[in-house]
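Student: Below is the file data00.pdb, which contains PDB, C-alpha atoms and all ligand atoms.
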```
MODEL        1
ATOM      1  CA  MET A 875       0.000   0.000   0.000
ATOM      2  CA  PHE A 876       1.192   3.504  -0.605
ATOM      3  CA  ASP A 877       0.093   6.990   0.337
ATOM      4  CA  SER A 878       1.556  10.460   0.233
ATOM      5  CA  GLY A 879       2.412  10.171   3.929
ATOM      6  CA  VAL A 880       0.854   9.084   7.159
ATOM      7  CA  GLY A 881      -2.833   9.433   6.208
ATOM      8  CA  GLY A 882      -3.106   6.118   4.352
ATOM      9  CA  LEU A 883      -2.643   4.387   7.696
ATOM     10  CA  THR A 884      -6.410   4.887   8.182
ATOM     11  CA  VAL A 885      -6.879   2.541   5.204
ATOM     12  CA  LEU A 886      -4.178   0.165   6.442
ATOM     13  CA  ARG A 887      -5.947  -0.001   9.792
ATOM     14  CA  ALA A 888      -9.122  -1.189   8.050
ATOM     15  CA  ILE A 889      -7.095  -3.761   6.078
ATOM     16  CA  HIS A 890      -5.474  -5.092   9.247
ATOM     17  CA  GLU A 891      -8.939  -5.432  10.797
ATOM     18  CA  ARG A 892     -10.496  -7.087   7.763
ATOM     19  CA  LEU A 893      -7.565  -9.212   6.566
ATOM     20  CA  PRO A 894      -5.571  -9.918   9.733
ATOM     21  CA  SER A 895      -3.485 -12.743   8.304
ATOM     22  CA  GLU A 896      -2.141 -10.751   5.357
ATOM     23  CA  SER A 897       1.364  -9.286   5.584
ATOM     24  CA  THR A 898       1.539  -5.631   4.588
ATOM     25  CA  VAL A 899       4.169  -3.236   3.288
ATOM     26  CA  TYR A 900       3.235   0.423   3.686
ATOM     27  CA  LEU A 901       5.061   3.199   1.851
ATOM     28  CA  GLY A 902       4.462   6.804   2.928
ATOM     29  CA  ASP A 903       6.004   9.337   0.557
ATOM     30  CA  THR A 904       6.666  11.734   3.413
ATOM     31  CA  ALA A 905       9.369  13.594   1.464
ATOM     32  CA  ARG A 906       6.807  14.812  -1.072
ATOM     33  CA  VAL A 907       3.558  15.066   0.903
ATOM     34  CA  PRO A 908       1.073  16.676   0.247
ATOM     35  CA  TYR A 909      -0.118  15.295  -3.098
ATOM     36  CA  GLY A 910      -3.423  17.173  -2.845
ATOM     37  CA  PRO A 911      -2.317  20.488  -4.401
ATOM     38  CA  LYS A 912       0.037  18.956  -7.030
ATOM     39  CA  SER A 913      -0.694  18.520 -10.734
ATOM     40  CA  PRO A 914      -2.092  15.212 -12.061
ATOM     41  CA  GLU A 915       1.148  14.566 -14.022
ATOM     42  CA  THR A 916       3.320  15.001 -10.938
ATOM     43  CA  VAL A 917       1.090  12.763  -8.794
ATOM     44  CA  LEU A 918       1.098  10.110 -11.535
ATOM     45  CA  ARG A 919       4.900  10.186 -11.604
ATOM     46  CA  TYR A 920       5.085   9.836  -7.814
ATOM     47  CA  ALA A 921       2.534   7.004  -7.884
ATOM     48  CA  ARG A 922       4.517   5.128 -10.525
ATOM     49  CA  GLU A 923       7.687   5.453  -8.467
ATOM     50  CA  ALA A 924       5.907   4.255  -5.324
ATOM     51  CA  SER A 925       4.373   1.278  -7.160
ATOM     52  CA  ARG A 926       7.697   0.318  -8.644
ATOM     53  CA  PHE A 927       9.166   0.279  -5.152
ATOM     54  CA  LEU A 928       6.351  -1.955  -3.880
ATOM     55  CA  VAL A 929       6.622  -4.353  -6.821
ATOM     56  CA  ALA A 930      10.316  -4.685  -5.978
ATOM     57  CA  GLN A 931       9.217  -5.767  -2.462
ATOM     58  CA  ASP A 932       7.365  -8.668  -4.140
ATOM     59  CA  VAL A 933       3.858  -7.586  -3.165
ATOM     60  CA  LYS A 934       0.921  -9.564  -4.596
ATOM     61  CA  ALA A 935      -1.440  -6.575  -4.790
ATOM     62  CA  ILE A 936      -1.161  -2.812  -4.419
ATOM     63  CA  VAL A 937      -3.663  -0.627  -2.599
ATOM     64  CA  VAL A 938      -3.485   3.035  -3.551
ATOM     65  CA  ALA A 939      -4.566   4.399  -0.175
ATOM     66  CA  CYS A 940      -4.259   8.037  -1.221
ATOM     67  CA  ASN A 941      -7.439   9.491  -2.726
ATOM     68  CA  THR A 942      -5.501  12.017  -4.796
ATOM     69  CA  ALA A 943      -3.200   9.333  -6.211
ATOM     70  CA  THR A 944      -6.203   7.087  -6.896
ATOM     71  CA  ALA A 945      -7.864   9.932  -8.778
ATOM     72  CA  HIS A 946      -4.814  10.688 -10.931
ATOM     73  CA  ALA A 947      -3.077   7.336 -11.284
ATOM     74  CA  ARG A 948      -5.001   4.168 -10.389
ATOM     75  CA  ARG A 949      -6.264   3.444 -13.871
ATOM     76  CA  VAL A 950      -2.845   3.905 -15.488
ATOM     77  CA  LEU A 951      -1.144   1.819 -12.799
ATOM     78  CA  SER A 952      -3.630  -1.018 -13.372
ATOM     79  CA  GLU A 953      -2.655  -1.095 -17.027
ATOM     80  CA  GLU A 954       1.074  -0.977 -16.322
ATOM     81  CA  ILE A 955       1.432  -3.331 -13.349
ATOM     82  CA  ASP A 956       0.937  -7.089 -13.281
ATOM     83  CA  VAL A 957      -0.595  -7.331  -9.798
ATOM     84  CA  PRO A 958      -4.116  -6.090  -8.894
ATOM     85  CA  VAL A 959      -4.151  -2.329  -8.143
ATOM     86  CA  ILE A 960      -6.997  -1.320  -5.837
ATOM     87  CA  GLY A 961      -7.936   2.308  -5.293
ATOM     88  CA  VAL A 962     -10.104   3.974  -2.677
ATOM     89  CA  VAL A 963     -12.491   5.854  -4.959
ATOM     90  CA  ASP A 964     -14.746   3.117  -6.388
ATOM     91  CA  PRO A 965     -15.227   1.354  -3.018
ATOM     92  CA  GLY A 966     -15.955   4.727  -1.369
ATOM     93  CA  ALA A 967     -18.419   5.713  -4.093
ATOM     94  CA  GLN A 968     -20.244   2.376  -3.766
ATOM     95  CA  ALA A 969     -20.450   2.784   0.008
ATOM     96  CA  ALA A 970     -21.867   6.307  -0.388
ATOM     97  CA  VAL A 971     -24.517   5.120  -2.834
ATOM     98  CA  ALA A 972     -25.421   2.281  -0.459
ATOM     99  CA  ALA A 973     -25.800   4.789   2.387
ATOM    100  CA  THR A 974     -27.857   7.513   0.714
ATOM    101  CA  LYS A 975     -31.636   7.521   0.780
ATOM    102  CA  THR A 976     -32.294  10.754  -1.081
ATOM    103  CA  GLY A 977     -29.421  10.458  -3.603
ATOM    104  CA  MET A 978     -28.036  13.817  -2.416
ATOM    105  CA  ILE A 979     -24.358  13.084  -1.728
ATOM    106  CA  GLY A 980     -21.616  15.453  -0.595
ATOM    107  CA  VAL A 981     -17.966  14.654  -1.296
ATOM    108  CA  ILE A 982     -15.009  16.300   0.421
ATOM    109  CA  GLY A 983     -11.353  15.772  -0.445
ATOM    110  CA  THR A 984      -8.153  17.496  -1.461
ATOM    111  CA  ARG A 985      -8.171  20.060  -4.235
ATOM    112  CA  GLY A 986      -6.658  17.510  -6.655
ATOM    113  CA  THR A 987      -9.273  14.870  -5.872
ATOM    114  CA  ILE A 988     -12.209  17.257  -6.117
ATOM    115  CA  GLU A 989     -11.005  19.018  -9.277
ATOM    116  CA  SER A 990     -10.474  15.636 -10.989
ATOM    117  CA  GLY A 991     -14.216  14.869 -10.665
ATOM    118  CA  THR A 992     -13.293  11.210 -10.088
ATOM    119  CA  TYR A 993     -15.633  10.644  -7.142
ATOM    120  CA  GLU A 994     -18.519  12.303  -8.893
ATOM    121  CA  ARG A 995     -18.099  10.087 -11.970
ATOM    122  CA  ALA A 996     -17.713   6.973  -9.814
ATOM    123  CA  ILE A 997     -20.909   7.769  -7.885
ATOM    124  CA  LEU A 998     -22.877   8.485 -11.056
ATOM    125  CA  ARG A 999     -21.724   5.172 -12.543
ATOM    126  CA  VAL A1000     -23.396   3.389  -9.634
ATOM    127  CA  ARG A1001     -26.452   5.614  -9.324
ATOM    128  CA  ARG A1002     -27.271   7.708 -12.355
ATOM    129  CA  ASP A1003     -29.813   9.953 -10.680
ATOM    130  CA  ALA A1004     -27.594  10.878  -7.711
ATOM    131  CA  GLU A1005     -26.807  14.534  -7.147
ATOM    132  CA  VAL A1006     -23.212  15.050  -6.105
ATOM    133  CA  PHE A1007     -21.887  18.207  -4.447
ATOM    134  CA  SER A1008     -18.137  18.435  -3.941
ATOM    135  CA  VAL A1009     -15.974  20.729  -1.829
ATOM    136  CA  ALA A1010     -12.187  20.733  -1.429
ATOM    137  CA  CYS A1011     -11.149  20.966   2.241
ATOM    138  CA  PRO A1012      -7.343  21.221   2.113
ATOM    139  CA  LEU A1013      -6.914  22.573   5.656
ATOM    140  CA  PHE A1014      -8.358  19.391   7.153
ATOM    141  CA  VAL A1015      -5.095  17.592   6.270
ATOM    142  CA  SER A1016      -3.000  19.969   8.383
ATOM    143  CA  LEU A1017      -5.529  19.962  11.215
ATOM    144  CA  ALA A1018      -5.446  16.142  11.361
ATOM    145  CA  GLU A1019      -1.635  16.069  11.355
ATOM    146  CA  GLU A1020      -1.465  18.730  14.079
ATOM    147  CA  GLY A1021      -3.938  16.750  16.151
ATOM    148  CA  TRP A1022      -6.328  19.732  16.088
ATOM    149  CA  VAL A1023      -9.336  17.562  15.478
ATOM    150  CA  ASP A1024     -11.621  19.434  17.815
ATOM    151  CA  GLY A1025     -11.746  22.899  19.387
ATOM    152  CA  PRO A1026     -12.606  26.286  17.912
ATOM    153  CA  ILE A1027     -10.188  26.354  14.939
ATOM    154  CA  ALA A1028     -11.273  22.960  13.647
ATOM    155  CA  GLN A1029     -14.916  23.824  14.335
ATOM    156  CA  LEU A1030     -14.809  27.102  12.390
ATOM    157  CA  THR A1031     -12.902  25.494   9.524
ATOM    158  CA  ALA A1032     -15.442  22.689   9.288
ATOM    159  CA  GLN A1033     -18.353  25.138   9.355
ATOM    160  CA  GLU A1034     -16.783  27.204   6.582
ATOM    161  CA  TYR A1035     -16.181  24.175   4.341
ATOM    162  CA  LEU A1036     -19.364  22.249   5.069
ATOM    163  CA  THR A1037     -22.014  24.986   5.088
ATOM    164  CA  PRO A1038     -22.463  24.947   1.275
ATOM    165  CA  LEU A1039     -23.041  21.169   1.413
ATOM    166  CA  ILE A1040     -25.461  21.386   4.322
ATOM    167  CA  GLU A1041     -27.410  24.027   2.393
ATOM    168  CA  LYS A1042     -27.822  21.513  -0.455
ATOM    169  CA  GLU A1043     -29.517  19.177   2.037
ATOM    170  CA  ILE A1044     -27.204  16.234   1.430
ATOM    171  CA  ASP A1045     -28.032  13.110   3.443
ATOM    172  CA  THR A1046     -24.626  11.444   2.947
ATOM    173  CA  LEU A1047     -21.127  12.869   3.165
ATOM    174  CA  LEU A1048     -18.225  10.934   1.679
ATOM    175  CA  LEU A1049     -14.885  11.594   3.375
ATOM    176  CA  GLY A1050     -12.706  11.397   0.261
ATOM    177  CA  CYS A1051      -9.324  11.892   1.898
ATOM    178  CA  THR A1052      -7.190   9.646   4.074
ATOM    179  CA  HIS A1053      -6.956  12.214   6.881
ATOM    180  CA  TYR A1054     -10.609  13.016   7.349
ATOM    181  CA  PRO A1055     -11.601   9.969   9.454
ATOM    182  CA  LEU A1056      -9.653  11.612  12.304
ATOM    183  CA  LEU A1057     -11.986  14.594  12.084
ATOM    184  CA  ALA A1058     -15.112  12.467  11.661
ATOM    185  CA  PRO A1059     -16.640  13.223  15.089
ATOM    186  CA  LEU A1060     -16.347  16.965  14.443
ATOM    187  CA  ILE A1061     -17.467  16.717  10.809
ATOM    188  CA  GLY A1062     -20.448  14.647  11.940
ATOM    189  CA  ARG A1063     -21.434  17.238  14.537
ATOM    190  CA  VAL A1064     -21.162  20.116  12.078
ATOM    191  CA  ALA A1065     -22.968  18.241   9.286
ATOM    192  CA  GLY A1066     -25.801  17.326  11.669
ATOM    193  CA  LEU A1067     -27.687  14.198  12.613
ATOM    194  CA  GLY A1068     -29.431  13.799   9.269
ATOM    195  CA  VAL A1069     -26.133  13.293   7.424
ATOM    196  CA  THR A1070     -24.486   9.853   7.280
ATOM    197  CA  LEU A1071     -20.689   9.927   7.073
ATOM    198  CA  VAL A1072     -19.021   7.382   4.807
ATOM    199  CA  ASP A1073     -15.299   6.813   4.500
ATOM    200  CA  SER A1074     -13.553   4.705   1.922
ATOM    201  CA  ALA A1075     -11.294   2.769   4.267
ATOM    202  CA  SER A1076     -13.505  -0.154   5.260
ATOM    203  CA  ALA A1077     -15.043  -0.401   1.772
ATOM    204  CA  THR A1078     -11.525  -0.525   0.295
ATOM    205  CA  ALA A1079     -10.497  -3.246   2.743
ATOM    206  CA  ALA A1080     -13.556  -5.273   1.706
ATOM    207  CA  GLU A1081     -12.747  -4.765  -1.980
ATOM    208  CA  THR A1082      -9.139  -5.821  -1.373
ATOM    209  CA  GLY A1083     -10.398  -9.007   0.284
ATOM    210  CA  SER A1084     -12.693  -9.745  -2.682
ATOM    211  CA  GLN A1085      -9.943  -9.144  -5.228
ATOM    212  CA  LEU A1086      -7.534 -11.423  -3.361
ATOM    213  CA  ASP A1087     -10.281 -14.082  -3.191
ATOM    214  CA  ARG A1088     -11.046 -13.812  -6.901
ATOM    215  CA  ALA A1089      -7.384 -14.057  -7.829
ATOM    216  CA  GLY A1090      -6.761 -16.925  -5.366
ATOM    217  CA  LEU A1091      -4.146 -14.808  -3.633
ATOM    218  CA  ASN A1092      -5.253 -15.043   0.013
ATOM    219  CA  SER A1093      -2.554 -15.733   2.550
ATOM    220  CA  THR A1094      -2.097 -19.371   3.463
ATOM    221  CA  ALA A1095       0.866 -18.614   5.733
ATOM    222  CA  THR A1096       0.819 -20.160   9.180
ATOM    223  CA  SER A1097       3.404 -17.724  10.588
ATOM    224  CA  PRO A1098       2.212 -14.350  11.976
ATOM    225  CA  PRO A1099       1.894 -11.613   9.330
ATOM    226  CA  GLU A1100       4.693  -9.119   8.816
ATOM    227  CA  ARG A1101       3.975  -5.402   8.953
ATOM    228  CA  ARG A1102       6.606  -3.188   7.433
ATOM    229  CA  TYR A1103       6.626   0.556   6.970
ATOM    230  CA  PHE A1104       8.756   2.617   4.632
ATOM    231  CA  VAL A1105       8.942   6.379   4.354
ATOM    232  CA  THR A1106      10.854   8.646   2.001
ATOM    233  CA  ASP A1107      11.740  11.100   4.790
ATOM    234  CA  ASP A1108      11.660  11.667   8.535
ATOM    235  CA  GLU A1109      11.010   8.286  10.141
ATOM    236  CA  ALA A1110      10.728   9.921  13.574
ATOM    237  CA  ARG A1111       7.822  12.209  12.654
ATOM    238  CA  PHE A1112       6.041   9.330  10.880
ATOM    239  CA  THR A1113       6.392   7.120  13.943
ATOM    240  CA  GLU A1114       5.116   9.936  16.156
ATOM    241  CA  LEU A1115       1.992  10.493  14.040
ATOM    242  CA  ALA A1116       1.363   6.873  13.058
ATOM    243  CA  GLU A1117      -0.453   5.656  16.144
ATOM    244  CA  GLY A1118      -3.233   8.252  15.824
ATOM    245  CA  PHE A1119      -3.959   7.116  12.267
ATOM    246  CA  LEU A1120      -3.269   3.389  12.623
ATOM    247  CA  GLY A1121      -4.624   2.821  16.113
ATOM    248  CA  ALA A1122      -1.387   0.960  16.949
ATOM    249  CA  PRO A1123       2.301   1.819  16.821
ATOM    250  CA  ALA A1124       4.175   1.421  13.503
ATOM    251  CA  ARG A1125       7.180  -0.545  14.691
ATOM    252  CA  VAL A1126       9.504  -1.303  11.786
ATOM    253  CA  VAL A1127       9.997   1.960   9.890
ATOM    254  CA  ASP A1128      12.738   2.132   7.249
ATOM    255  CA  ARG A1129      13.837   4.677   4.697
ATOM    256  CA  ALA A1130      12.800   4.003   1.073
ATOM    257  CA  VAL A1131      14.731   5.404  -1.844
ATOM    258  CA  LEU A1132      12.468   5.626  -4.875
ATOM    259  CA  ASP A1133      13.783   5.438  -8.448
ATOM    260  CA  ASP A1134      13.403   8.809 -10.094
ATOM    261  CA  GLU A1135      11.135   8.087 -13.034
ATOM    262  CA  SER A1136      11.942  11.372 -14.762
ATOM    263  CA  SER A1137      15.522  10.118 -15.239
ATOM    264  CA  ASP A1138      14.437   7.038 -17.302
TER     265      ASP A1138
HETATM  266  N1  LIG B1201      -3.436  11.243   1.197
HETATM  267  C1  LIG B1201      -4.046  12.402   0.585
HETATM  268  C2  LIG B1201      -5.427  12.011   0.022
HETATM  269  O1  LIG B1201      -6.076  11.107   0.499
HETATM  270  C3  LIG B1201      -4.177  13.562   1.552
HETATM  271  C4  LIG B1201      -2.853  14.205   1.904
HETATM  272  C5  LIG B1201      -2.164  14.818   0.694
HETATM  273  O2  LIG B1201      -2.621  15.867   0.180
HETATM  274  O3  LIG B1201      -1.177  14.266   0.270
HETATM  275  O4  LIG B1201      -5.874  12.619  -0.918
ENDMDL
END
```
Have the structure of the file written as structure tokens, please.
Ligand code: DGL
Tutor:
Amino acid sequence: MFDSGVGGLTVLRAIHERLPSESTVYLGDTARVPYGPKSPETVLRYAREASRFLVAQDVKAIVVACNTATAHARRVLSEEIDVPVIGVVDPGAQAAVAATKTGMIGVIGTRGTIESGTYERAILRVRRDAEVFSVACPLFVSLAEEGWVDGPIAQLTAQEYLTPLIEKEIDTLLLGCTHYPLLAPLIGRVAGLGVTLVDSASATAAETGSQLDRAGLNSTATSPPERRYFVTDDEARFTELAEGFLGAPARVVDRAVLDDESSD
């Protein structure tokens, strides 16, 4: 699995819960986070480099935990890589459609994810008459990393971002960014009781399980699973933040050096 940094650990957490006997290799591209404001071409290049690193670790499937990287790169990676490549957008969109009663769905994510329109298209593929309202909430990433997930600054920021969606009378809000589950209690309070929050993590874990089943790739190992973590910068900061996102400490954290694709 790879992500731009620490946020994808929310998806890894769901995978550990759902598929406890699978070994996992997590790569956080902490040297180049955030991906959210970067161009699609740059994110695609980063995603290719991350995938190449994971393939070299002999993984049997790749989960693109980052919503922005899924939006800009998942399709291309699937065509280029021989192992299944699972993104977070389609599972999240399906979960949102399953949750909505009125078909009025809000989506929040990074600027890159929202401007790509990927979630909107994915939702409309599943439910053609859905109405999708999207808002980029870039400051939520910093708030989650600072641990400011409650209190007046987070509250005001959430009100500012979410008011336009609440005014549209959405009944479902899709958290289309790895960091937002940490702010879910606050987002839920601001959005109000009539709005169901959906995040992609558990839906992605379920989809990963189904893809492994279909491909006959489930773990048959009798030894305990391995859990390895790689980052491209600052192992100490990653380790410090990891527990809040993963719900457990990230123990084996090593430095990854990615091949620079632009030099090919
Ligand atoms: N992981 C990113 C995502 O889910 C959020 C952080 C970033 O901008 O890199 O879109």
Student: Find the nearest atom pair between each residue of chain A and ligand LIG 1201 (chain B) for residues within 6 Å, count all atoms listed in the file, give distances in Å to one decimal, sort rows by chain and ascending number, and present the table as CSV.
Tutor:
```
residue,atom,partner,partner_atom,distance
A:Asp877,CA,B:LIG1201,N1,5.6
A:Ser878,CA,B:LIG1201,O3,4.7
A:Gly881,CA,B:LIG1201,N1,5.4
A:Val907,CA,B:LIG1201,O3,4.8
A:Pro908,CA,B:LIG1201,O3,3.3
A:Tyr909,CA,B:LIG1201,O3,3.7
A:Gly910,CA,B:LIG1201,O2,3.4
A:Cys940,CA,B:LIG1201,O1,4.0
A:Asn941,CA,B:LIG1201,O1,3.9
A:Thr942,CA,B:LIG1201,O4,3.9
A:Thr984,CA,B:LIG1201,O4,5.4
A:Val1015,CA,B:LIG1201,C4,6.0
A:Cys1051,CA,B:LIG1201,O1,3.6
A:Thr1052,CA,B:LIG1201,O1,4.0
```
Student: What would the list of residues within 10 Å of (-19.8, 10.0, 1.1) (file frame) look like as a PDB file with C-alpha atoms, in the coordinates of the input, if only C-alpha atoms are what count?
Tutor:
```pdb
ATOM      1  CA  GLY A 966     -15.955   4.727  -1.369  1.00  0.00           C
ATOM      2  CA  ALA A 967     -18.419   5.713  -4.093  1.00  0.00           C
ATOM      3  CA  GLN A 968     -20.244   2.376  -3.766  1.00  0.00           C
ATOM      4  CA  ALA A 969     -20.450   2.784   0.008  1.00  0.00           C
ATOM      5  CA  ALA A 970     -21.867   6.307  -0.388  1.00  0.00           C
ATOM      6  CA  VAL A 971     -24.517   5.120  -2.834  1.00  0.00           C
ATOM      7  CA  ALA A 972     -25.421   2.281  -0.459  1.00  0.00           C
ATOM      8  CA  ALA A 973     -25.800   4.789   2.387  1.00  0.00           C
ATOM      9  CA  THR A 974     -27.857   7.513   0.714  1.00  0.00           C
ATOM     10  CA  MET A 978     -28.036  13.817  -2.416  1.00  0.00           C
ATOM     11  CA  ILE A 979     -24.358  13.084  -1.728  1.00  0.00           C
ATOM     12  CA  GLY A 980     -21.616  15.453  -0.595  1.00  0.00           C
ATOM     13  CA  VAL A 981     -17.966  14.654  -1.296  1.00  0.00           C
ATOM     14  CA  ILE A 982     -15.009  16.300   0.421  1.00  0.00           C
ATOM     15  CA  TYR A 993     -15.633  10.644  -7.142  1.00  0.00           C
ATOM     16  CA  ILE A 997     -20.909   7.769  -7.885  1.00  0.00           C
ATOM     17  CA  VAL A1006     -23.212  15.050  -6.105  1.00  0.00           C
ATOM     18  CA  SER A1008     -18.137  18.435  -3.941  1.00  0.00           C
ATOM     19  CA  ILE A1044     -27.204  16.234   1.430  1.00  0.00           C
ATOM     20  CA  ASP A1045     -28.032  13.110   3.443  1.00  0.00           C
ATOM     21  CA  THR A1046     -24.626  11.444   2.947  1.00  0.00           C
ATOM     22  CA  LEU A1047     -21.127  12.869   3.165  1.00  0.00           C
ATOM     23  CA  LEU A1048     -18.225  10.934   1.679  1.00  0.00           C
ATOM     24  CA  LEU A1049     -14.885  11.594   3.375  1.00  0.00           C
ATOM     25  CA  GLY A1050     -12.706  11.397   0.261  1.00  0.00           C
ATOM     26  CA  VAL A1069     -26.133  13.293   7.424  1.00  0.00           C
ATOM     27  CA  THR A1070     -24.486   9.853   7.280  1.00  0.00           C
ATOM     28  CA  LEU A1071     -20.689   9.927   7.073  1.00  0.00           C
ATOM     29  CA  VAL A1072     -19.021   7.382   4.807  1.00  0.00           C
ATOM     30  CA  ASP A1073     -15.299   6.813   4.500  1.00  0.00           C
ATOM     31  CA  SER A1074     -13.553   4.705   1.922  1.00  0.00           C
TER      32      SER A1074
END
```
Student: Would you translate the PyMOL selection byres (((chain A and resi 1102-1114) around 9) and not hetatm) into the concrete set of residues it matches in this file, as a PDB file with C-alpha atoms, in the coordinates of the input?
Tutor:
```
ATOM      1  CA  GLY A 879       2.412  10.171   3.929  1.00  0.00           C
ATOM      2  CA  VAL A 880       0.854   9.084   7.159  1.00  0.00           C
ATOM      3  CA  SER A 897       1.364  -9.286   5.584  1.00  0.00           C
ATOM      4  CA  THR A 898       1.539  -5.631   4.588  1.00  0.00           C
ATOM      5  CA  VAL A 899       4.169  -3.236   3.288  1.00  0.00           C
ATOM      6  CA  TYR A 900       3.235   0.423   3.686  1.00  0.00           C
ATOM      7  CA  LEU A 901       5.061   3.199   1.851  1.00  0.00           C
ATOM      8  CA  GLY A 902       4.462   6.804   2.928  1.00  0.00           C
ATOM      9  CA  ASP A 903       6.004   9.337   0.557  1.00  0.00           C
ATOM     10  CA  THR A 904       6.666  11.734   3.413  1.00  0.00           C
ATOM     11  CA  ALA A 905       9.369  13.594   1.464  1.00  0.00           C
ATOM     12  CA  ARG A 906       6.807  14.812  -1.072  1.00  0.00           C
ATOM     13  CA  GLU A1100       4.693  -9.119   8.816  1.00  0.00           C
ATOM     14  CA  ARG A1101       3.975  -5.402   8.953  1.00  0.00           C
ATOM     15  CA  LEU A1115       1.992  10.493  14.040  1.00  0.00           C
ATOM     16  CA  ALA A1116       1.363   6.873  13.058  1.00  0.00           C
ATOM     17  CA  GLU A1117      -0.453   5.656  16.144  1.00  0.00           C
ATOM     18  CA  GLY A1118      -3.233   8.252  15.824  1.00  0.00           C
ATOM     19  CA  PRO A1123       2.301   1.819  16.821  1.00  0.00           C
ATOM     20  CA  ALA A1124       4.175   1.421  13.503  1.00  0.00           C
ATOM     21  CA  ARG A1125       7.180  -0.545  14.691  1.00  0.00           C
ATOM     22  CA  VAL A1126       9.504  -1.303  11.786  1.00  0.00           C
ATOM     23  CA  VAL A1127       9.997   1.960   9.890  1.00  0.00           C
ATOM     24  CA  ASP A1128      12.738   2.132   7.249  1.00  0.00           C
ATOM     25  CA  ARG A1129      13.837   4.677   4.697  1.00  0.00           C
ATOM     26  CA  ALA A1130      12.800   4.003   1.073  1.00  0.00           C
ATOM     27  CA  VAL A1131      14.731   5.404  -1.844  1.00  0.00           C
ATOM     28  CA  LEU A1132      12.468   5.626  -4.875  1.00  0.00           C
TER      29      LEU A1132
END
```
Student: How many Å lie between atom CA of Pro1026 of chain A and atom CA of Gly983 of chain A, rounded to one decimal?
Tutor: 21.2 Å
Student: Might you pull out every residue within 8 Å of Pro965 of chain A, with all atoms listed in the file counted and same-chain residues fewer than 6 positions away left off, and present them as a PyMOL selection string?
Tutor: chain A and resi 1074+1077-1078+1081
Student: Quick one: of A:Gln931, A:Glu1005, A:Arg995, A:Pro1059, who's nearest to Gly1025 of chain A, counting only C-alpha atoms?
Tutor: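 Under the stated criterion, the closest residue is A:Pro1059.
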Student: From the set A:Pro894, A:Thr916, A:Phe876, A:Glu1020, which residue has the shortest atom-to-atom contact distance to Asp1134 of chain A, counting all atoms listed in the file?
Tutor: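 Distance minimum relative to Asp1134 of chain A lands on A:Thr916.
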Student: What is the atom CA of Arg1001 of chain A to atom CA of Pro958 of chain A distance in Å?
Tutor: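 Interatomic distance here is 25.2 Å.
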